[in-house]
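Asks: Supplied in structure tokens, the structure appears directly below.
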Amino acid sequence: MNTATCKGLYTKSWKELYQAAIHEPDMNKMMERITEAESVLVIRMRELFNTSGDNFEEVESMDDALCILHALRSSLKHRPSAIQSPSSLDNSSTTLGRRHEA
């Protein structure tokens, strides 16, 4: 990830990027969203590591978010490489219907 991309991501909070990743409707973009969220989470964790104070709740929330992102990434790796969009599914069911009629 280049510096400009990193600075652009950092302007959004880890929570926003986490939410964008887990709610991404386009499966083809989800891996990118997961990577963005993980990157910002790591940056924020490093910040908190170097500061004093009671950040237990945020650290715990970030740990939970990283676990969920990891599970989501793992589940995507087990999906077929060609993820079909809903419109292509509609076309294939129409084609299948015509085959049955013939």
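Here, A, B, ... name the chains of the structure tokens in the order displayed, residue numbers run from 1 inside each chain, and ligands are numbered from 1 in the same displayed order.
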Would you tabulate, counting only C-alpha atoms, all residues of range 29-49 of chain A that have an atom at most 9 Å from an atom of range 63-75 of chain A, showing the closest pair of atoms and their distance in Å to one decimal, sorted by chain then ascending number, as a Markdown table?
Replies:
```
| residue | atom | partner | partner_atom | distance |
| --- | --- | --- | --- | --- |
| A:Met30 | CA | A:Arg73 | CA | 8.6 |
| A:Met31 | CA | A:Arg73 | CA | 6.8 |
| A:Ile34 | CA | A:Leu69 | CA | 6.3 |
| A:Thr35 | CA | A:Leu69 | CA | 8.8 |
| A:Ala37 | CA | A:Leu69 | CA | 8.2 |
| A:Glu38 | CA | A:Leu66 | CA | 6.7 |
| A:Leu41 | CA | A:Leu66 | CA | 7.6 |
```
Asks: Output the selection as a short mmCIF file (atom, residue, chain, number, x, y, z; two decimals), in the first residue's frame - N, CA and C atoms for each residue.
Replies:
```cif
data_model
loop_
_atom_site.label_atom_id
_atom_site.label_comp_id
_atom_site.auth_asym_id
_atom_site.auth_seq_id
_atom_site.Cartn_x
_atom_site.Cartn_y
_atom_site.Cartn_z
N MET A 30 -15.08 -7.09 -1.63
CA MET A 30 -15.00 -7.34 -0.19
C MET A 30 -13.57 -7.56 0.31
N MET A 31 -12.76 -8.31 -0.43
CA MET A 31 -11.37 -8.55 0.00
C MET A 31 -10.61 -7.24 0.14
N ILE A 34 -11.74 -5.54 3.30
CA ILE A 34 -11.19 -6.22 4.47
C ILE A 34 -9.74 -5.78 4.70
N THR A 35 -8.96 -5.72 3.62
CA THR A 35 -7.56 -5.32 3.72
C THR A 35 -7.44 -3.88 4.21
N ALA A 37 -9.60 -2.21 6.10
CA ALA A 37 -9.98 -2.17 7.51
C ALA A 37 -8.88 -2.74 8.39
N GLU A 38 -8.29 -3.85 7.98
CA GLU A 38 -7.20 -4.45 8.77
C GLU A 38 -6.01 -3.51 8.88
N LEU A 41 -6.84 -0.78 11.35
CA LEU A 41 -6.89 -1.37 12.70
C LEU A 41 -5.48 -1.55 13.27
#
```
Asks: Within 9 Å of Ala20 in chain A, counting only C-alpha atoms, which residues qualify if same-chain residues fewer than 2 places away don't, as a list of chain:residue names?
Replies: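 After dropping sequence-adjacent residues, the list is A:Lys15, A:Glu16, A:Leu17, A:Tyr18, A:Ile22, A:His23, A:Glu24, A:Met30, A:Arg33, A:Ile34, A:Ala37.
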Asks: Go ahead and dump the residues you just picked, N, CA and C atoms, as a JSON list (two decimals), in the first residue's frame.
Replies:
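Written output follows (again-v6.json):
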```
[["chain", "number", "residue", "atom", "x", "y", "z"],
["A", 15, "LYS", "N", -13.53, 1.96, 12.66],
["A", 15, "LYS", "CA", -14.91, 1.47, 12.77],
["A", 15, "LYS", "C", -15.66, 1.65, 11.45],
["A", 16, "GLU", "N", -15.44, 2.79, 10.78],
["A", 16, "GLU", "CA", -16.11, 3.03, 9.50],
["A", 16, "GLU", "C", -15.65, 2.02, 8.45],
["A", 17, "LEU", "N", -14.33, 1.77, 8.40],
["A", 17, "LEU", "CA", -13.81, 0.83, 7.42],
["A", 17, "LEU", "C", -14.20, -0.60, 7.75],
["A", 18, "TYR", "N", -14.28, -0.93, 9.02],
["A", 18, "TYR", "CA", -14.74, -2.25, 9.44],
["A", 18, "TYR", "C", -16.19, -2.47, 8.99],
["A", 22, "ILE", "N", -17.67, -5.37, 6.34],
["A", 22, "ILE", "CA", -18.62, -6.44, 6.65],
["A", 22, "ILE", "C", -19.97, -6.25, 5.98],
["A", 23, "HIS", "N", -20.24, -5.03, 5.50],
["A", 23, "HIS", "CA", -21.51, -4.76, 4.83],
["A", 23, "HIS", "C", -21.36, -4.57, 3.33],
["A", 24, "GLU", "N", -20.18, -4.85, 2.79],
["A", 24, "GLU", "CA", -19.95, -4.69, 1.34],
["A", 24, "GLU", "C", -20.83, -5.68, 0.57],
["A", 30, "MET", "N", -15.08, -7.09, -1.63],
["A", 30, "MET", "CA", -15.00, -7.34, -0.19],
["A", 30, "MET", "C", -13.57, -7.56, 0.31],
["A", 33, "ARG", "N", -11.90, -4.30, 0.80],
["A", 33, "ARG", "CA", -12.43, -3.61, 1.98],
["A", 33, "ARG", "C", -11.86, -4.21, 3.27],
["A", 34, "ILE", "N", -11.74, -5.54, 3.30],
["A", 34, "ILE", "CA", -11.19, -6.22, 4.47],
["A", 34, "ILE", "C", -9.74, -5.78, 4.70],
["A", 37, "ALA", "N", -9.60, -2.21, 6.10],
["A", 37, "ALA", "CA", -9.98, -2.17, 7.51],
["A", 37, "ALA", "C", -8.88, -2.74, 8.39]]
```
